[in-house]
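Raw contents of start_20.cif, mmCIF, N, CA and C atoms:
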data_entry
loop_
_atom_site.label_atom_id
_atom_site.label_comp_id
_atom_site.auth_asym_id
_atom_site.auth_seq_id
_atom_site.Cartn_x
_atom_site.Cartn_y
_atom_site.Cartn_z
N MET A 1 47.44 -28.78 -4.28
CA MET A 1 46.07 -29.26 -4.27
C MET A 1 46.06 -30.63 -4.93
N SER A 2 45.45 -31.56 -4.31
CA SER A 2 45.42 -32.91 -4.85
C SER A 2 44.42 -33.01 -6.01
N PHE A 3 44.58 -34.06 -6.79
CA PHE A 3 43.71 -34.26 -7.95
C PHE A 3 42.25 -34.43 -7.54
N SER A 4 42.00 -35.16 -6.45
CA SER A 4 40.62 -35.40 -6.03
C SER A 4 39.96 -34.09 -5.55
N SER A 5 40.72 -33.24 -4.88
CA SER A 5 40.17 -31.94 -4.45
C SER A 5 39.84 -31.08 -5.65
N ALA A 6 40.71 -31.07 -6.65
CA ALA A 6 40.46 -30.28 -7.85
C ALA A 6 39.26 -30.82 -8.61
N LEU A 7 39.12 -32.14 -8.67
CA LEU A 7 37.99 -32.74 -9.37
C LEU A 7 36.67 -32.38 -8.68
N ILE A 8 36.67 -32.44 -7.36
CA ILE A 8 35.46 -32.08 -6.61
C ILE A 8 35.09 -30.63 -6.86
N LEU A 9 36.08 -29.73 -6.85
CA LEU A 9 35.81 -28.32 -7.11
C LEU A 9 35.25 -28.10 -8.52
N MET A 10 35.81 -28.82 -9.50
CA MET A 10 35.31 -28.68 -10.87
C MET A 10 33.88 -29.19 -10.99
N LEU A 11 33.57 -30.29 -10.35
CA LEU A 11 32.21 -30.84 -10.41
C LEU A 11 31.20 -29.92 -9.72
N LEU A 12 31.62 -29.30 -8.63
CA LEU A 12 30.72 -28.38 -7.93
C LEU A 12 30.43 -27.14 -8.78
N GLN A 13 31.39 -26.72 -9.57
CA GLN A 13 31.17 -25.55 -10.42
C GLN A 13 30.27 -25.86 -11.60
N VAL A 14 30.34 -27.02 -12.13
CA VAL A 14 29.57 -27.39 -13.31
C VAL A 14 28.13 -27.67 -12.94
N GLY A 15 27.89 -28.50 -11.95
CA GLY A 15 26.54 -28.84 -11.56
C GLY A 15 25.93 -29.87 -12.49
N PRO A 16 24.68 -30.24 -12.26
CA PRO A 16 24.04 -31.26 -13.09
C PRO A 16 23.68 -30.71 -14.47
N ASN A 17 23.60 -31.58 -15.43
CA ASN A 17 23.23 -31.22 -16.80
C ASN A 17 21.71 -31.23 -16.91
N PRO A 18 21.06 -30.09 -17.11
CA PRO A 18 19.60 -30.06 -17.14
C PRO A 18 19.01 -30.80 -18.35
N SER A 19 19.76 -30.97 -19.42
CA SER A 19 19.21 -31.64 -20.60
C SER A 19 19.12 -33.15 -20.41
N THR A 20 19.78 -33.69 -19.42
CA THR A 20 19.72 -35.13 -19.19
C THR A 20 18.58 -35.51 -18.25
N GLY A 21 17.84 -34.55 -17.79
CA GLY A 21 16.71 -34.87 -16.92
C GLY A 21 17.06 -34.88 -15.46
N ALA A 22 18.24 -34.43 -15.08
CA ALA A 22 18.62 -34.42 -13.68
C ALA A 22 17.77 -33.42 -12.89
N ILE A 23 17.41 -32.32 -13.54
CA ILE A 23 16.50 -31.35 -12.91
C ILE A 23 15.13 -31.55 -13.55
N GLN A 24 14.19 -31.93 -12.75
CA GLN A 24 12.87 -32.23 -13.28
C GLN A 24 12.03 -30.97 -13.37
N GLY A 25 10.99 -31.02 -14.19
CA GLY A 25 10.09 -29.88 -14.37
C GLY A 25 9.20 -29.68 -13.17
N ALA A 26 8.14 -28.93 -13.40
CA ALA A 26 7.19 -28.64 -12.33
C ALA A 26 6.50 -29.92 -11.87
N PRO A 27 6.23 -30.02 -10.58
CA PRO A 27 5.55 -31.22 -10.07
C PRO A 27 4.12 -31.32 -10.60
N ASP A 28 3.61 -32.53 -10.62
CA ASP A 28 2.25 -32.79 -11.10
C ASP A 28 1.20 -31.96 -10.37
N GLU A 29 1.43 -31.71 -9.06
CA GLU A 29 0.45 -30.95 -8.29
C GLU A 29 0.25 -29.55 -8.86
N LEU A 30 1.30 -28.99 -9.44
CA LEU A 30 1.18 -27.66 -10.04
C LEU A 30 0.67 -27.71 -11.47
N LEU A 31 1.09 -28.72 -12.20
CA LEU A 31 0.68 -28.81 -13.60
C LEU A 31 -0.80 -29.17 -13.76
N ASN A 32 -1.30 -30.03 -12.89
CA ASN A 32 -2.67 -30.55 -13.04
C ASN A 32 -3.60 -30.11 -11.92
N ARG A 33 -3.36 -28.96 -11.35
CA ARG A 33 -4.22 -28.53 -10.26
C ARG A 33 -5.52 -27.94 -10.81
N PRO A 34 -6.58 -28.02 -10.04
CA PRO A 34 -7.86 -27.47 -10.52
C PRO A 34 -7.84 -25.95 -10.53
N PRO A 35 -8.66 -25.33 -11.37
CA PRO A 35 -8.70 -23.85 -11.39
C PRO A 35 -9.18 -23.30 -10.06
N ARG A 36 -8.72 -22.10 -9.76
CA ARG A 36 -9.11 -21.44 -8.51
C ARG A 36 -10.51 -20.86 -8.63
N THR A 37 -11.19 -20.83 -7.51
CA THR A 37 -12.51 -20.21 -7.48
C THR A 37 -12.35 -18.71 -7.26
N ALA A 38 -13.40 -17.96 -7.50
CA ALA A 38 -13.36 -16.50 -7.32
C ALA A 38 -13.04 -16.14 -5.87
N ASN A 39 -13.51 -16.94 -4.92
CA ASN A 39 -13.23 -16.66 -3.51
C ASN A 39 -11.75 -16.79 -3.18
N GLU A 40 -11.06 -17.69 -3.87
CA GLU A 40 -9.64 -17.88 -3.62
C GLU A 40 -8.80 -16.76 -4.24
N ILE A 41 -9.29 -16.15 -5.32
CA ILE A 41 -8.55 -15.11 -6.02
C ILE A 41 -8.78 -13.74 -5.41
N ALA A 42 -10.00 -13.44 -5.01
CA ALA A 42 -10.36 -12.12 -4.49
C ALA A 42 -9.66 -11.86 -3.16
N PRO A 43 -9.19 -10.62 -2.95
CA PRO A 43 -8.58 -10.31 -1.64
C PRO A 43 -9.64 -10.33 -0.55
N PRO A 44 -9.22 -10.62 0.66
CA PRO A 44 -10.20 -10.64 1.76
C PRO A 44 -10.78 -9.25 1.99
N GLN A 45 -12.05 -9.22 2.29
CA GLN A 45 -12.73 -7.96 2.56
C GLN A 45 -12.51 -7.56 4.02
N PRO A 46 -12.33 -6.26 4.27
CA PRO A 46 -12.14 -5.83 5.66
C PRO A 46 -13.40 -6.08 6.48
N THR A 47 -13.20 -6.32 7.76
CA THR A 47 -14.34 -6.60 8.63
C THR A 47 -14.57 -5.53 9.69
N ASP A 48 -13.51 -4.81 10.07
CA ASP A 48 -13.73 -3.80 11.11
C ASP A 48 -14.28 -2.51 10.47
N PRO A 49 -15.12 -1.79 11.18
CA PRO A 49 -15.79 -0.61 10.62
C PRO A 49 -14.84 0.45 10.08
N LEU A 50 -13.72 0.67 10.73
CA LEU A 50 -12.78 1.69 10.29
C LEU A 50 -12.18 1.33 8.93
N SER A 51 -11.80 0.07 8.76
CA SER A 51 -11.25 -0.38 7.47
C SER A 51 -12.31 -0.33 6.37
N ILE A 52 -13.53 -0.67 6.70
CA ILE A 52 -14.62 -0.60 5.72
C ILE A 52 -14.84 0.84 5.30
N TRP A 53 -14.84 1.77 6.26
CA TRP A 53 -15.03 3.18 5.93
C TRP A 53 -13.90 3.67 5.03
N LEU A 54 -12.66 3.31 5.36
CA LEU A 54 -11.52 3.74 4.54
C LEU A 54 -11.61 3.16 3.13
N ALA A 55 -11.95 1.89 3.01
CA ALA A 55 -12.06 1.27 1.68
C ALA A 55 -13.13 1.99 0.85
N ASP A 56 -14.27 2.30 1.48
CA ASP A 56 -15.33 3.02 0.77
C ASP A 56 -14.86 4.42 0.36
N CYS A 57 -14.17 5.08 1.25
CA CYS A 57 -13.70 6.44 0.95
C CYS A 57 -12.66 6.42 -0.17
N LEU A 58 -11.75 5.45 -0.14
CA LEU A 58 -10.74 5.35 -1.19
C LEU A 58 -11.37 5.04 -2.55
N ASP A 59 -12.40 4.20 -2.55
CA ASP A 59 -13.12 3.94 -3.81
C ASP A 59 -13.77 5.22 -4.31
N LEU A 60 -14.31 5.99 -3.39
CA LEU A 60 -14.97 7.24 -3.75
C LEU A 60 -13.96 8.28 -4.24
N VAL A 61 -12.74 8.25 -3.72
CA VAL A 61 -11.69 9.17 -4.19
C VAL A 61 -11.48 8.96 -5.69
N GLU A 62 -11.51 7.72 -6.14
CA GLU A 62 -11.29 7.43 -7.55
C GLU A 62 -12.49 7.80 -8.41
N SER A 63 -13.70 7.54 -7.91
CA SER A 63 -14.89 7.77 -8.74
C SER A 63 -15.47 9.18 -8.61
N ASP A 64 -15.42 9.76 -7.42
CA ASP A 64 -16.01 11.08 -7.19
C ASP A 64 -15.21 11.80 -6.08
N PRO A 65 -14.05 12.38 -6.43
CA PRO A 65 -13.19 12.97 -5.40
C PRO A 65 -13.84 14.10 -4.60
N ALA A 66 -14.73 14.86 -5.22
CA ALA A 66 -15.39 15.96 -4.48
C ALA A 66 -16.27 15.39 -3.37
N ARG A 67 -16.98 14.33 -3.69
CA ARG A 67 -17.83 13.70 -2.68
C ARG A 67 -16.99 13.05 -1.58
N ALA A 68 -15.87 12.43 -1.96
CA ALA A 68 -14.96 11.84 -0.97
C ALA A 68 -14.39 12.93 -0.05
N HIS A 69 -14.08 14.08 -0.63
CA HIS A 69 -13.54 15.21 0.13
C HIS A 69 -14.54 15.64 1.20
N THR A 70 -15.79 15.79 0.80
CA THR A 70 -16.85 16.19 1.74
C THR A 70 -17.07 15.13 2.80
N LYS A 71 -17.15 13.86 2.37
CA LYS A 71 -17.37 12.75 3.31
C LYS A 71 -16.24 12.69 4.34
N ALA A 72 -15.01 12.87 3.89
CA ALA A 72 -13.87 12.81 4.81
C ALA A 72 -13.86 13.99 5.78
N GLN A 73 -14.25 15.18 5.30
CA GLN A 73 -14.33 16.34 6.20
C GLN A 73 -15.36 16.10 7.30
N ILE A 74 -16.51 15.57 6.93
CA ILE A 74 -17.56 15.29 7.93
C ILE A 74 -17.06 14.26 8.93
N GLU A 75 -16.45 13.19 8.43
CA GLU A 75 -15.94 12.14 9.33
C GLU A 75 -14.85 12.69 10.24
N ARG A 76 -13.97 13.51 9.70
CA ARG A 76 -12.88 14.09 10.49
C ARG A 76 -13.44 14.95 11.62
N ASN A 77 -14.48 15.72 11.33
CA ASN A 77 -15.05 16.62 12.34
C ASN A 77 -15.85 15.88 13.40
N GLN A 78 -16.28 14.64 13.10
CA GLN A 78 -17.12 13.90 14.04
C GLN A 78 -16.37 12.85 14.85
N THR A 79 -15.08 12.64 14.56
CA THR A 79 -14.37 11.53 15.21
C THR A 79 -13.10 12.01 15.91
N THR A 80 -12.50 11.07 16.62
CA THR A 80 -11.21 11.31 17.28
C THR A 80 -10.36 10.06 17.11
N GLY A 81 -9.11 10.16 17.51
CA GLY A 81 -8.23 8.99 17.51
C GLY A 81 -7.93 8.45 16.13
N ASP A 82 -7.91 7.12 16.03
CA ASP A 82 -7.57 6.46 14.77
C ASP A 82 -8.55 6.82 13.66
N ALA A 83 -9.81 6.94 13.99
CA ALA A 83 -10.81 7.28 12.97
C ALA A 83 -10.53 8.67 12.37
N ARG A 84 -10.09 9.58 13.20
CA ARG A 84 -9.76 10.93 12.70
C ARG A 84 -8.51 10.89 11.81
N VAL A 85 -7.53 10.07 12.17
CA VAL A 85 -6.32 9.93 11.35
C VAL A 85 -6.71 9.38 9.98
N ILE A 86 -7.53 8.34 9.97
CA ILE A 86 -7.97 7.73 8.71
C ILE A 86 -8.78 8.72 7.88
N ALA A 87 -9.63 9.50 8.53
CA ALA A 87 -10.41 10.51 7.80
C ALA A 87 -9.49 11.56 7.18
N ASN A 88 -8.48 11.99 7.92
CA ASN A 88 -7.51 12.95 7.37
C ASN A 88 -6.74 12.36 6.20
N HIS A 89 -6.41 11.09 6.29
CA HIS A 89 -5.73 10.42 5.18
C HIS A 89 -6.58 10.46 3.92
N CYS A 90 -7.84 10.06 4.03
CA CYS A 90 -8.74 10.08 2.88
C CYS A 90 -8.96 11.51 2.39
N LEU A 91 -9.09 12.44 3.31
CA LEU A 91 -9.28 13.84 2.95
C LEU A 91 -8.08 14.35 2.15
N GLY A 92 -6.89 14.01 2.58
CA GLY A 92 -5.69 14.42 1.86
C GLY A 92 -5.64 13.85 0.46
N LEU A 93 -6.00 12.57 0.31
CA LEU A 93 -5.99 11.96 -1.01
C LEU A 93 -7.04 12.58 -1.92
N ALA A 94 -8.23 12.84 -1.39
CA ALA A 94 -9.28 13.49 -2.18
C ALA A 94 -8.84 14.89 -2.58
N ALA A 95 -8.22 15.61 -1.67
CA ALA A 95 -7.76 16.97 -1.98
C ALA A 95 -6.70 16.97 -3.07
N THR A 96 -5.82 15.97 -3.08
CA THR A 96 -4.82 15.91 -4.15
C THR A 96 -5.47 15.65 -5.50
N LYS A 97 -6.50 14.82 -5.53
CA LYS A 97 -7.23 14.57 -6.79
C LYS A 97 -7.86 15.86 -7.31
N LEU A 98 -8.28 16.71 -6.38
CA LEU A 98 -8.95 17.97 -6.75
C LEU A 98 -7.96 19.13 -6.89
N SER A 99 -6.67 18.86 -6.71
CA SER A 99 -5.62 19.88 -6.75
C SER A 99 -5.81 20.96 -5.69
N LEU A 100 -6.38 20.59 -4.57
CA LEU A 100 -6.53 21.50 -3.42
C LEU A 100 -5.33 21.27 -2.50
N TRP A 101 -4.20 21.84 -2.90
CA TRP A 101 -2.93 21.52 -2.26
C TRP A 101 -2.88 21.96 -0.81
N ASP A 102 -3.45 23.12 -0.47
CA ASP A 102 -3.45 23.56 0.94
C ASP A 102 -4.24 22.59 1.81
N ASP A 103 -5.40 22.14 1.30
CA ASP A 103 -6.20 21.15 2.05
C ASP A 103 -5.44 19.85 2.22
N ALA A 104 -4.77 19.43 1.15
CA ALA A 104 -4.03 18.16 1.22
C ALA A 104 -2.90 18.26 2.24
N ILE A 105 -2.16 19.34 2.20
CA ILE A 105 -1.05 19.52 3.15
C ILE A 105 -1.59 19.53 4.58
N ALA A 106 -2.67 20.27 4.80
CA ALA A 106 -3.24 20.35 6.15
C ALA A 106 -3.74 18.99 6.62
N ALA A 107 -4.38 18.23 5.73
CA ALA A 107 -4.93 16.92 6.11
C ALA A 107 -3.81 15.93 6.42
N PHE A 108 -2.80 15.86 5.57
CA PHE A 108 -1.70 14.92 5.81
C PHE A 108 -0.90 15.31 7.04
N THR A 109 -0.71 16.61 7.26
CA THR A 109 0.01 17.06 8.44
C THR A 109 -0.78 16.72 9.70
N ALA A 110 -2.10 16.93 9.67
CA ALA A 110 -2.93 16.57 10.82
C ALA A 110 -2.90 15.07 11.06
N ALA A 111 -2.93 14.28 9.99
CA ALA A 111 -2.85 12.82 10.15
C ALA A 111 -1.52 12.43 10.79
N ARG A 112 -0.44 13.07 10.35
CA ARG A 112 0.87 12.79 10.95
C ARG A 112 0.89 13.16 12.42
N ASP A 113 0.40 14.36 12.74
CA ASP A 113 0.45 14.84 14.12
C ASP A 113 -0.44 14.04 15.06
N GLU A 114 -1.54 13.49 14.54
CA GLU A 114 -2.48 12.75 15.38
C GLU A 114 -2.19 11.25 15.43
N THR A 115 -1.25 10.79 14.62
CA THR A 115 -0.84 9.39 14.68
C THR A 115 -0.02 9.18 15.94
N PRO A 116 -0.27 8.11 16.69
CA PRO A 116 0.48 7.88 17.93
C PRO A 116 1.99 7.84 17.69
N ALA A 117 2.73 8.31 18.68
CA ALA A 117 4.19 8.39 18.58
C ALA A 117 4.83 7.01 18.43
N ASP A 118 4.14 5.95 18.88
CA ASP A 118 4.71 4.61 18.76
C ASP A 118 4.50 4.00 17.37
N GLU A 119 4.03 4.81 16.41
CA GLU A 119 3.88 4.37 15.03
C GLU A 119 4.71 5.29 14.11
N PRO A 120 6.04 5.24 14.24
CA PRO A 120 6.87 6.19 13.48
C PRO A 120 6.77 6.02 11.97
N ARG A 121 6.53 4.81 11.49
CA ARG A 121 6.43 4.61 10.04
C ARG A 121 5.21 5.31 9.46
N ALA A 122 4.08 5.18 10.14
CA ALA A 122 2.86 5.85 9.66
C ALA A 122 3.04 7.36 9.72
N ARG A 123 3.64 7.83 10.81
CA ARG A 123 3.89 9.28 10.92
C ARG A 123 4.79 9.76 9.79
N ALA A 124 5.80 8.98 9.47
CA ALA A 124 6.72 9.36 8.39
C ALA A 124 5.99 9.37 7.04
N ARG A 125 5.15 8.37 6.80
CA ARG A 125 4.41 8.34 5.53
C ARG A 125 3.54 9.57 5.36
N PHE A 126 2.80 9.91 6.41
CA PHE A 126 1.94 11.09 6.31
C PHE A 126 2.76 12.36 6.12
N GLY A 127 3.91 12.44 6.81
CA GLY A 127 4.78 13.59 6.65
C GLY A 127 5.30 13.71 5.22
N ILE A 128 5.68 12.59 4.63
CA ILE A 128 6.16 12.60 3.24
C ILE A 128 5.03 12.99 2.30
N MET A 129 3.82 12.51 2.56
CA MET A 129 2.68 12.88 1.71
C MET A 129 2.46 14.39 1.74
N ALA A 130 2.54 14.97 2.92
CA ALA A 130 2.37 16.42 3.03
C ALA A 130 3.48 17.14 2.29
N LYS A 131 4.69 16.64 2.43
CA LYS A 131 5.83 17.28 1.78
C LYS A 131 5.73 17.18 0.26
N GLN A 132 5.21 16.07 -0.25
CA GLN A 132 5.08 15.90 -1.70
C GLN A 132 4.06 16.86 -2.31
N CYS A 133 3.14 17.35 -1.52
CA CYS A 133 2.14 18.30 -2.02
C CYS A 133 2.71 19.71 -2.18
N ARG A 134 3.73 20.04 -1.41
CA ARG A 134 4.27 21.41 -1.44
C ARG A 134 4.84 21.81 -2.79
N PRO A 135 5.65 20.96 -3.45
CA PRO A 135 6.17 21.40 -4.76
C PRO A 135 5.06 21.62 -5.80
N ARG A 136 4.03 20.82 -5.75
CA ARG A 136 2.93 20.97 -6.69
C ARG A 136 2.20 22.29 -6.45
N LYS A 137 2.04 22.60 -5.16
CA LYS A 137 1.37 23.86 -4.81
C LYS A 137 2.18 25.03 -5.33
N HIS A 138 3.49 25.00 -5.14
CA HIS A 138 4.34 26.11 -5.57
C HIS A 138 4.49 26.16 -7.09
N ALA A 139 4.46 25.01 -7.74
CA ALA A 139 4.59 24.97 -9.20
C ALA A 139 3.36 25.57 -9.87
N LEU A 140 2.21 25.40 -9.23
CA LEU A 140 0.97 25.95 -9.82
C LEU A 140 0.69 27.37 -9.36
N GLY A 141 1.26 27.77 -8.24
CA GLY A 141 0.94 29.05 -7.66
C GLY A 141 1.83 30.12 -8.05
#
Any chance you could put this one into structure tokens?
Amino acid sequence: MSFSSALILMLLQVGPNPSTGAIQGAPDELLNRPPRTANEIAPPQPTDPLSIWLADCLDLVESDPARAHTKAQIERNQTTGDARVIANHCLGLAATKLSLWDDAIAAFTAARDETPADEPRARARFGIMAKQCRPRKHALG
């Protein structure tokens, strides 16, 4: 190996010395940027009715799971297709909050079975949710 090749290899391993200012700090655009407004920070709100219903139901699961459970049962019985899958999802989550393991298993299994076959990831998620409820049911029963 020649001396120049070895020197190049050594220089590539060392890199620039950050204390000499070779690597500069954050650019001015980041250091002196104006504060963000609330609209820029807040996540976008859903616009389609199904997403709005799910967001409302999920909020209700946290604040009043019994009411969310009832709301999801009504929605599940009145709808078909994607809306029924979403209702079963919310129903399963509300049932887990209430420790109604049989309801949760049934809701997640129904959501899995009613999810279109071309959505294997969603089907798998619902299947795992149903499976996760079984040990809790057996541990308490």
Next on the checklist: Residue by residue, what does the PyMOL selection byres ((chain A and resi 80-91) around 7) grab here? Present the result as an MDAnalysis selection string.
Outcome noted: chainID A and resid 50 54 57:58 68:69 72:73 75:79 92:96 103:104 107:108 110:112 114:115
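We find atom N of Ala130 in chain A and CA of Glu62 in chain A to be spaced 18.9 Å apart.
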Checklist entry - DSSP says helix (DSSP H, G or I) for which residues of range 7-122 of chain A? Put them as JSON, numbers by chain? => result {"A": [7, 8, 9, 10, 11, 12, 13, 14, 18, 19, 20, 28, 29, 30, 31, 38, 39, 40, 41, 49, 50, 51, 52, 53, 54, 55, 56, 57, 58, 59, 60, 61, 62, 63, 65, 66, 67, 68, 69, 70, 71, 72, 73, 74, 75, 76, 77, 78, 81, 82, 83, 84, 85, 86, 87, 88, 89, 90, 91, 92, 93, 94, 95, 96, 97, 101, 102, 103, 104, 105, 106, 107, 108, 109, 110, 111, 112, 113, 114, 120, 121, 122]}
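In this comparison, which uses only C-alpha atoms, the residue of A:Ala42, A:Ala122, A:Lys71, A:Pro35 approaching Asp56 in chain A most closely is A:Lys71.
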Item to check | Point-to-point distance from CA of Pro65 in chain A to atom C of Leu100 in chain A, Å rounded to tenths | outcome: 11.8 Å
Item to check | Point-to-point distance from CA of Glu119 in chain A to atom N of Lys131 in chain A, Å rounded to tenths | outcome: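 Going from CA of Glu119 in chain A over to atom N of Lys131 in chain A covers 17.6 Å.
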Model the absent atoms of range 116-125 of chain A so that all heavy atoms are present, and write the result as a compact mmCIF listing (two decimals), in the coordinates of the input.
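File rebuild.txt, as written:
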# COMPACT_ATOMS: atom_id res chain seq x y z
N PRO A 116 -0.27 8.11 16.69
CA PRO A 116 0.48 7.88 17.93
C PRO A 116 1.99 7.84 17.69
O PRO A 116 2.46 7.39 16.65
CB PRO A 116 -0.03 6.52 18.41
CG PRO A 116 -1.37 6.36 17.77
CD PRO A 116 -1.29 7.08 16.47
N ALA A 117 2.73 8.31 18.68
CA ALA A 117 4.19 8.39 18.58
C ALA A 117 4.83 7.01 18.43
O ALA A 117 5.93 6.90 17.90
CB ALA A 117 4.75 9.09 19.80
N ASP A 118 4.14 5.95 18.88
CA ASP A 118 4.71 4.61 18.76
C ASP A 118 4.50 4.00 17.37
O ASP A 118 4.78 2.83 17.16
CB ASP A 118 4.17 3.68 19.84
CG ASP A 118 2.67 3.46 19.75
OD1 ASP A 118 1.98 4.26 19.06
OD2 ASP A 118 2.17 2.50 20.36
N GLU A 119 4.03 4.81 16.41
CA GLU A 119 3.88 4.37 15.03
C GLU A 119 4.71 5.29 14.11
O GLU A 119 4.16 6.04 13.30
CB GLU A 119 2.42 4.39 14.62
CG GLU A 119 1.56 3.40 15.38
CD GLU A 119 0.14 3.37 14.88
OE1 GLU A 119 -0.08 3.47 13.66
OE2 GLU A 119 -0.77 3.26 15.73
N PRO A 120 6.04 5.24 14.24
CA PRO A 120 6.87 6.19 13.48
C PRO A 120 6.77 6.02 11.97
O PRO A 120 6.90 6.99 11.23
CB PRO A 120 8.28 5.90 13.98
CG PRO A 120 8.23 4.51 14.52
CD PRO A 120 6.84 4.34 15.05
N ARG A 121 6.53 4.81 11.49
CA ARG A 121 6.43 4.61 10.04
C ARG A 121 5.21 5.31 9.46
O ARG A 121 5.28 5.95 8.41
CB ARG A 121 6.40 3.13 9.71
CG ARG A 121 7.72 2.45 9.95
CD ARG A 121 7.64 0.99 9.63
NE ARG A 121 8.94 0.38 9.87
CZ ARG A 121 9.15 -0.91 9.87
NH1 ARG A 121 8.15 -1.73 9.63
NH2 ARG A 121 10.35 -1.39 10.09
N ALA A 122 4.08 5.18 10.14
CA ALA A 122 2.86 5.85 9.66
C ALA A 122 3.04 7.36 9.72
O ALA A 122 2.66 8.07 8.79
CB ALA A 122 1.66 5.41 10.50
N ARG A 123 3.64 7.83 10.81
CA ARG A 123 3.89 9.28 10.92
C ARG A 123 4.79 9.76 9.79
O ARG A 123 4.54 10.80 9.19
CB ARG A 123 4.52 9.60 12.28
CG ARG A 123 3.57 9.43 13.45
CD ARG A 123 4.28 9.63 14.79
NE ARG A 123 4.78 10.98 14.93
CZ ARG A 123 4.11 12.00 15.49
NH1 ARG A 123 2.90 11.77 15.97
NH2 ARG A 123 4.64 13.18 15.58
N ALA A 124 5.80 8.98 9.47
CA ALA A 124 6.72 9.36 8.39
C ALA A 124 5.99 9.37 7.04
O ALA A 124 6.20 10.28 6.23
CB ALA A 124 7.90 8.40 8.34
N ARG A 125 5.15 8.37 6.80
CA ARG A 125 4.41 8.34 5.53
C ARG A 125 3.54 9.57 5.36
O ARG A 125 3.50 10.18 4.28
CB ARG A 125 3.57 7.07 5.45
CG ARG A 125 4.34 5.85 5.11
CD ARG A 125 3.43 4.64 4.88
NE ARG A 125 4.22 3.44 5.02
CZ ARG A 125 4.16 2.63 6.07
NH1 ARG A 125 3.34 2.86 7.06
NH2 ARG A 125 4.92 1.56 6.11
